[in-house]
Amino acid sequence: MEQHPIEYRVLDFPLRGGWKAFHIPGHHPNAFDFVGVESETNRYIRRRVLANLFVGGSAEDWYGWSKPVFAPCDGVVAAAGDGWPDREKVGFVWDLFQFLVLRRTPSPITDDPRSVGGNYVMLRMADGAIVFMCHMRRGSLTVAVGESVRAGRRIGEVGNSGNSLAPHLHLNLFEGLGDGVTGATLLEYLSKGRVPPFRFRRLERLSDGAWRMMQNVFIRKGDRVRSSD
C-alpha cells in the first residue's frame with residue numbers, strides 16, 4: 001500500500017473542467033502537469049489531431065489552452081513573471097523526441113526563471129510553503145508581487161510558455177525556496193529540492209470507468225480528474 005506523510009497541505013483544485021495528470025521526466029514525483037482533456041472522449045486536441053502531434057499545429061487547438069487558473073489557497077504573491085512568449089506552434093512528438101533523446105529543451109535556459117517556467121506565479125502560504133504554478137499564457141496574469149490573494153481568485157490562464165511541450169498547467173509546492181531563483185536553479189529545485197506532497201480538497205476522479213466525487217485526494221500519474229467548483 002502506498003504510504004504518505006501524515007502532515008500535508010490541502011489545496012483547492014486550480015482548474016475547471018477535465019484534466020489529466022502527468023509527470024515530466026526529471027521532475028520531482030510531487031510535481032504535476034495538468035493537460036486539458038475533453039471529458040467524454042479523453043482527447044487533448046480539438047481538431048487536426050495527427051497534424052498537431054506529428055507535423056505541428058496550433059496551441060489553440062488543445063483543450064487546455066487559455067482555460068482560467070484559480071488560486072488554490074490563500075496566500076501572498078511571493079514572485080510572479082509575465083510577458084514570456086507562448087510557443088504557439090506545437091509539434092508534440094518531435095518536441096518530446098528532442099527533449100528525451102537529444103536532450104534539447106524547447107526554450108534555452110537563462111538566468112530568467114521564465115525561460116524554464118514561462119509565465120508563473122508563486123503563492124506563499126501562511127506556513128511559508130510556496131505554491132508554484134507556471135507555463136501560463138502571456139498577458140493573462142492578474143496578480144502582482146506582494147498582493148494578498150484568496151483561494152478561488154482567478155490569477156491567470158493556461159498557456160504554453162517557457163519549457164513547455166503543449167498547453168498545460170504545472171503545479172507543485174516548494175519548501176525552503178531561496179531568493180534570486182534563476183532558470184537553472186528552478187530546474188534544480190524541481191528535481192532535487194524540497195517538494196512536499198499535497199492533497200486536493202475536493203474533485204472528481206475517473207475510477208473504473210465512473211466519475212467519483214472525492215475529498216482530500218492525492219493525485220497520481222495518469223489520473224483523469226475534473227472540477228466545477
# chains A, B, ... in the order shown; residues from 1 in each chain; ligands from 1
>>> residues_around(residues="A:Phe174", least_positions_apart="5", cutoff="9 Å", atoms="only C-alpha atoms", output="PyMOL selection string")
chain A and resi 129-132+189-190+193-196
>>> write_last_selection(atoms="N, CA and C atoms", output="PDB file, in the first residue's frame")
ATOM      1  N   ALA A 129       5.236  27.746   3.016  1.00  0.00           N
ATOM      2  CA  ALA A 129       5.358  26.939   1.802  1.00  0.00           C
ATOM      3  C   ALA A 129       4.959  27.763   0.581  1.00  0.00           C
ATOM      4  N   ILE A 130       5.579  27.459  -0.553  1.00  0.00           N
ATOM      5  CA  ILE A 130       5.314  28.159  -1.803  1.00  0.00           C
ATOM      6  C   ILE A 130       4.534  27.243  -2.740  1.00  0.00           C
ATOM      7  N   VAL A 131       3.427  27.746  -3.271  1.00  0.00           N
ATOM      8  CA  VAL A 131       2.701  27.050  -4.336  1.00  0.00           C
ATOM      9  C   VAL A 131       3.164  27.647  -5.661  1.00  0.00           C
ATOM     10  N   PHE A 132       3.734  26.801  -6.508  1.00  0.00           N
ATOM     11  CA  PHE A 132       4.319  27.244  -7.777  1.00  0.00           C
ATOM     12  C   PHE A 132       3.445  26.769  -8.924  1.00  0.00           C
ATOM     13  N   TYR A 189      15.652  22.871  -8.213  1.00  0.00           N
ATOM     14  CA  TYR A 189      14.639  22.724  -7.172  1.00  0.00           C
ATOM     15  C   TYR A 189      13.555  21.739  -7.589  1.00  0.00           C
ATOM     16  N   LEU A 190      13.180  21.772  -8.878  1.00  0.00           N
ATOM     17  CA  LEU A 190      12.126  20.882  -9.354  1.00  0.00           C
ATOM     18  C   LEU A 190      12.552  19.421  -9.335  1.00  0.00           C
ATOM     19  N   GLY A 193      14.923  19.514  -5.078  1.00  0.00           N
ATOM     20  CA  GLY A 193      14.594  20.373  -3.950  1.00  0.00           C
ATOM     21  C   GLY A 193      13.561  19.764  -3.022  1.00  0.00           C
ATOM     22  N   ARG A 194      13.169  20.555  -2.052  1.00  0.00           N
ATOM     23  CA  ARG A 194      12.153  20.131  -1.085  1.00  0.00           C
ATOM     24  C   ARG A 194      10.791  20.399  -1.694  1.00  0.00           C
ATOM     25  N   VAL A 195      10.222  19.364  -2.262  1.00  0.00           N
ATOM     26  CA  VAL A 195       8.930  19.448  -2.960  1.00  0.00           C
ATOM     27  C   VAL A 195       7.958  18.542  -2.213  1.00  0.00           C
ATOM     28  N   PRO A 196       7.243  19.062  -1.235  1.00  0.00           N
ATOM     29  CA  PRO A 196       6.395  18.216  -0.388  1.00  0.00           C
ATOM     30  C   PRO A 196       5.121  17.783  -1.117  1.00  0.00           C
TER      31      PRO A 196
END
>>> residues_around(residues="stretch 18-35 of chain A", least_positions_apart="6", cutoff="6 Å", atoms="only C-alpha atoms", output="list in words")
His168, Leu169, His170, Leu171, Asn172, Leu190, Ser191, Pro197, Lys221, Gly222, Asp223, Arg224, Val225 and Arg226 of chain A
>>> write_last_selection(atoms="N, CA and C atoms", output="compact mmCIF listing (two decimals), in the first residue's frame")
# COMPACT_ATOMS: atom_id res chain seq x y z
N HIS A 168 -0.46 23.46 -20.86
CA HIS A 168 -0.76 22.76 -19.61
C HIS A 168 -0.44 23.69 -18.45
N LEU A 169 -0.85 23.26 -17.26
CA LEU A 169 -0.50 23.97 -16.03
C LEU A 169 0.38 23.07 -15.18
N HIS A 170 1.54 23.58 -14.81
CA HIS A 170 2.42 22.88 -13.87
C HIS A 170 2.12 23.38 -12.47
N LEU A 171 2.09 22.45 -11.49
CA LEU A 171 1.84 22.83 -10.10
C LEU A 171 2.66 21.95 -9.17
N ASN A 172 3.31 22.60 -8.20
CA ASN A 172 3.96 21.87 -7.11
C ASN A 172 4.15 22.81 -5.93
N LEU A 190 13.18 21.77 -8.88
CA LEU A 190 12.13 20.88 -9.35
C LEU A 190 12.55 19.42 -9.33
N SER A 191 13.85 19.17 -9.44
CA SER A 191 14.31 17.78 -9.48
C SER A 191 14.83 17.30 -8.13
N PRO A 197 4.50 16.71 -0.63
CA PRO A 197 3.23 16.27 -1.21
C PRO A 197 2.09 17.18 -0.79
N LYS A 221 0.08 9.89 -11.13
CA LYS A 221 0.36 9.99 -12.57
C LYS A 221 -0.70 9.23 -13.36
N GLY A 222 -1.25 9.90 -14.37
CA GLY A 222 -2.26 9.27 -15.22
C GLY A 222 -3.69 9.49 -14.77
N ASP A 223 -3.90 10.09 -13.59
CA ASP A 223 -5.26 10.35 -13.12
C ASP A 223 -6.00 11.28 -14.08
N ARG A 224 -7.26 10.94 -14.36
CA ARG A 224 -8.16 11.87 -15.03
C ARG A 224 -9.07 12.48 -13.98
N VAL A 225 -9.08 13.80 -13.91
CA VAL A 225 -9.86 14.48 -12.88
C VAL A 225 -10.66 15.60 -13.52
N ARG A 226 -11.67 16.05 -12.81
CA ARG A 226 -12.43 17.21 -13.27
C ARG A 226 -13.02 17.93 -12.07
>>> atom_distance(atom1="atom CA of A:Arg201", atom2="atom CA of A:Ala166")
26.7 Å
>>> residues_around(residues="stretch 210-218 of chain A", least_positions_apart="5", cutoff="6 Å", atoms="only C-alpha atoms", output="VMD selection string")
chain A and resid 199 to 205
>>> write_last_selection(atoms="C-alpha atoms", output="short mmCIF file (atom, residue, chain, number, x, y, z; two decimals), in the first residue's frame")
data_model
loop_
_atom_site.label_atom_id
_atom_site.label_comp_id
_atom_site.auth_asym_id
_atom_site.auth_seq_id
_atom_site.Cartn_x
_atom_site.Cartn_y
_atom_site.Cartn_z
CA ARG A 199 -3.84 16.85 -1.46
CA PHE A 200 -6.71 18.49 -3.29
CA ARG A 201 -9.66 19.33 -1.10
CA ARG A 202 -12.39 18.12 -3.46
CA LEU A 203 -12.62 16.95 -7.07
CA GLU A 204 -13.96 14.17 -9.27
CA ARG A 205 -11.66 11.35 -10.37
#
>>> select_by_dssp(residues="stretch 32-176 of chain A", states="strand (DSSP E or B)", output="JSON, numbers by chain")
{"A": [32, 33, 34, 35, 36, 45, 57, 58, 62, 68, 69, 70, 75, 76, 77, 78, 79, 80, 81, 86, 89, 90, 119, 120, 121, 122, 123, 124, 130, 131, 132, 133, 134, 135, 136, 148, 149, 154, 155, 156, 157, 158, 159, 161, 168, 169, 170, 171, 172, 173, 174, 175]}
>>> write_last_selection(atoms="C-alpha atoms", output="PDB file, in the first residue's frame")
ATOM      1  CA  PHE A  32       2.410  17.572 -11.621  1.00  0.00           C
ATOM      2  CA  ASP A  33       1.467  18.794 -15.077  1.00  0.00           C
ATOM      3  CA  PHE A  34      -2.239  19.063 -15.881  1.00  0.00           C
ATOM      4  CA  VAL A  35      -3.203  18.785 -19.553  1.00  0.00           C
ATOM      5  CA  GLY A  36      -6.763  19.654 -20.557  1.00  0.00           C
ATOM      6  CA  ILE A  45      -6.825  18.258 -29.168  1.00  0.00           C
ATOM      7  CA  GLY A  57      -0.294  22.621 -35.164  1.00  0.00           C
ATOM      8  CA  SER A  58      -1.676  25.481 -33.152  1.00  0.00           C
ATOM      9  CA  TRP A  62      -5.517  21.996 -27.384  1.00  0.00           C
ATOM     10  CA  PRO A  68      -8.662  30.087 -16.407  1.00  0.00           C
ATOM     11  CA  VAL A  69      -6.349  29.307 -13.492  1.00  0.00           C
ATOM     12  CA  PHE A  70      -7.580  29.982  -9.945  1.00  0.00           C
ATOM     13  CA  GLY A  75      -1.568  33.437   0.185  1.00  0.00           C
ATOM     14  CA  VAL A  76       0.708  36.307  -0.715  1.00  0.00           C
ATOM     15  CA  VAL A  77       2.273  36.561  -4.161  1.00  0.00           C
ATOM     16  CA  ALA A  78       5.965  35.923  -3.421  1.00  0.00           C
ATOM     17  CA  ALA A  79       7.051  36.103  -7.077  1.00  0.00           C
ATOM     18  CA  ALA A  80       5.446  36.359 -10.489  1.00  0.00           C
ATOM     19  CA  GLY A  81       6.554  36.774 -14.064  1.00  0.00           C
ATOM     20  CA  ASP A  86       3.921  31.277 -25.711  1.00  0.00           C
ATOM     21  CA  LYS A  89       3.002  26.060 -32.676  1.00  0.00           C
ATOM     22  CA  VAL A  90       3.027  22.606 -31.096  1.00  0.00           C
ATOM     23  CA  ASN A 119       4.771  32.950 -17.086  1.00  0.00           C
ATOM     24  CA  TYR A 120       4.385  31.936 -13.463  1.00  0.00           C
ATOM     25  CA  VAL A 121       3.008  32.732 -10.011  1.00  0.00           C
ATOM     26  CA  MET A 122       4.428  31.740  -6.626  1.00  0.00           C
ATOM     27  CA  LEU A 123       1.983  31.990  -3.732  1.00  0.00           C
ATOM     28  CA  ARG A 124       3.377  31.930  -0.196  1.00  0.00           C
ATOM     29  CA  ILE A 130       5.314  28.159  -1.803  1.00  0.00           C
ATOM     30  CA  VAL A 131       2.701  27.050  -4.336  1.00  0.00           C
ATOM     31  CA  PHE A 132       4.319  27.244  -7.777  1.00  0.00           C
ATOM     32  CA  MET A 133       2.187  27.429 -10.953  1.00  0.00           C
ATOM     33  CA  CYS A 134       3.694  28.044 -14.359  1.00  0.00           C
ATOM     34  CA  HIS A 135       3.530  27.894 -18.188  1.00  0.00           C
ATOM     35  CA  MET A 136       0.633  30.351 -18.137  1.00  0.00           C
ATOM     36  CA  SER A 148      -2.721  39.084  -0.862  1.00  0.00           C
ATOM     37  CA  VAL A 149      -4.839  36.542  -2.722  1.00  0.00           C
ATOM     38  CA  ARG A 154      -8.640  33.995 -10.988  1.00  0.00           C
ATOM     39  CA  ILE A 155      -4.890  34.554 -11.346  1.00  0.00           C
ATOM     40  CA  GLY A 156      -4.162  33.722 -14.982  1.00  0.00           C
ATOM     41  CA  GLU A 157      -4.788  31.348 -17.884  1.00  0.00           C
ATOM     42  CA  VAL A 158      -3.256  28.094 -19.087  1.00  0.00           C
ATOM     43  CA  GLY A 159      -0.634  28.720 -21.758  1.00  0.00           C
ATOM     44  CA  SER A 161       5.201  29.421 -22.302  1.00  0.00           C
ATOM     45  CA  HIS A 168      -0.756  22.764 -19.613  1.00  0.00           C
ATOM     46  CA  LEU A 169      -0.500  23.972 -16.032  1.00  0.00           C
ATOM     47  CA  HIS A 170       2.419  22.876 -13.871  1.00  0.00           C
ATOM     48  CA  LEU A 171       1.837  22.830 -10.103  1.00  0.00           C
ATOM     49  CA  ASN A 172       3.958  21.871  -7.108  1.00  0.00           C
ATOM     50  CA  LEU A 173       4.885  23.023  -3.612  1.00  0.00           C
ATOM     51  CA  PHE A 174       8.315  24.222  -2.514  1.00  0.00           C
ATOM     52  CA  GLU A 175       9.807  24.441   0.961  1.00  0.00           C
TER      53      GLU A 175
END
>>> residues_around(residues="A:Arg104", least_positions_apart="3", cutoff="12 Å", atoms="only C-alpha atoms", output="JSON, numbers by chain")
{"A": [94, 95, 96, 97, 98, 99, 100, 101, 107, 108, 109, 163, 164, 165]}
>>> write_last_selection(atoms="C-alpha atoms", output="PDB file, in the first residue's frame")
ATOM      1  CA  TRP A  94       9.069  15.889 -32.325  1.00  0.00           C
ATOM      2  CA  ASP A  95       9.445  18.139 -29.284  1.00  0.00           C
ATOM      3  CA  LEU A  96       9.211  15.129 -26.979  1.00  0.00           C
ATOM      4  CA  PHE A  97      11.852  13.263 -29.010  1.00  0.00           C
ATOM      5  CA  GLN A  98      14.207  16.222 -28.787  1.00  0.00           C
ATOM      6  CA  PHE A  99      13.615  16.543 -25.049  1.00  0.00           C
ATOM      7  CA  LEU A 100      14.010  12.853 -24.143  1.00  0.00           C
ATOM      8  CA  VAL A 101      16.568  11.674 -26.706  1.00  0.00           C
ATOM      9  CA  SER A 107      13.396  27.114 -24.688  1.00  0.00           C
ATOM     10  CA  PRO A 108      17.078  27.989 -23.989  1.00  0.00           C
ATOM     11  CA  ILE A 109      17.672  28.158 -20.234  1.00  0.00           C
ATOM     12  CA  ASN A 163       9.920  24.902 -21.480  1.00  0.00           C
ATOM     13  CA  SER A 164       6.529  23.500 -22.353  1.00  0.00           C
ATOM     14  CA  LEU A 165       5.739  20.778 -24.900  1.00  0.00           C
TER      15      LEU A 165
END
>>> closest_residue(among="A:Val37, A:Val93, A:Cys73, A:Val181", to="A:Asn52", atoms="only C-alpha atoms")
A:Val93
>>> select_by_dssp(residues="chain A", states="alpha helix (DSSP H)", output="MDAnalysis selection string")
chainID A and resid 49:50 92:97 114:117 183:192
>>> write_last_selection(atoms="C-alpha atoms", output="PDB file, in the first residue's frame")
ATOM      1  CA  VAL A  49      -5.035  15.669 -34.127  1.00  0.00           C
ATOM      2  CA  LEU A  50      -2.351  13.891 -36.167  1.00  0.00           C
ATOM      3  CA  PHE A  92       4.385  17.350 -29.609  1.00  0.00           C
ATOM      4  CA  VAL A  93       6.049  14.121 -30.813  1.00  0.00           C
ATOM      5  CA  TRP A  94       9.069  15.889 -32.325  1.00  0.00           C
ATOM      6  CA  ASP A  95       9.445  18.139 -29.284  1.00  0.00           C
ATOM      7  CA  LEU A  96       9.211  15.129 -26.979  1.00  0.00           C
ATOM      8  CA  PHE A  97      11.852  13.263 -29.010  1.00  0.00           C
ATOM      9  CA  ARG A 114      10.594  32.347 -17.170  1.00  0.00           C
ATOM     10  CA  SER A 115      12.974  30.592 -19.577  1.00  0.00           C
ATOM     11  CA  VAL A 116      12.004  27.381 -17.736  1.00  0.00           C
ATOM     12  CA  GLY A 117       8.612  28.099 -16.181  1.00  0.00           C
ATOM     13  CA  GLY A 183      16.181  29.146 -14.772  1.00  0.00           C
ATOM     14  CA  ALA A 184      18.925  26.705 -13.762  1.00  0.00           C
ATOM     15  CA  THR A 185      18.184  26.803 -10.024  1.00  0.00           C
ATOM     16  CA  LEU A 186      14.481  26.398 -10.718  1.00  0.00           C
ATOM     17  CA  LEU A 187      15.225  23.168 -12.595  1.00  0.00           C
ATOM     18  CA  GLU A 188      17.399  22.050  -9.690  1.00  0.00           C
ATOM     19  CA  TYR A 189      14.639  22.724  -7.172  1.00  0.00           C
ATOM     20  CA  LEU A 190      12.126  20.882  -9.354  1.00  0.00           C
ATOM     21  CA  SER A 191      14.311  17.781  -9.478  1.00  0.00           C
ATOM     22  CA  LYS A 192      16.184  17.741  -6.168  1.00  0.00           C
TER      23      LYS A 192
END
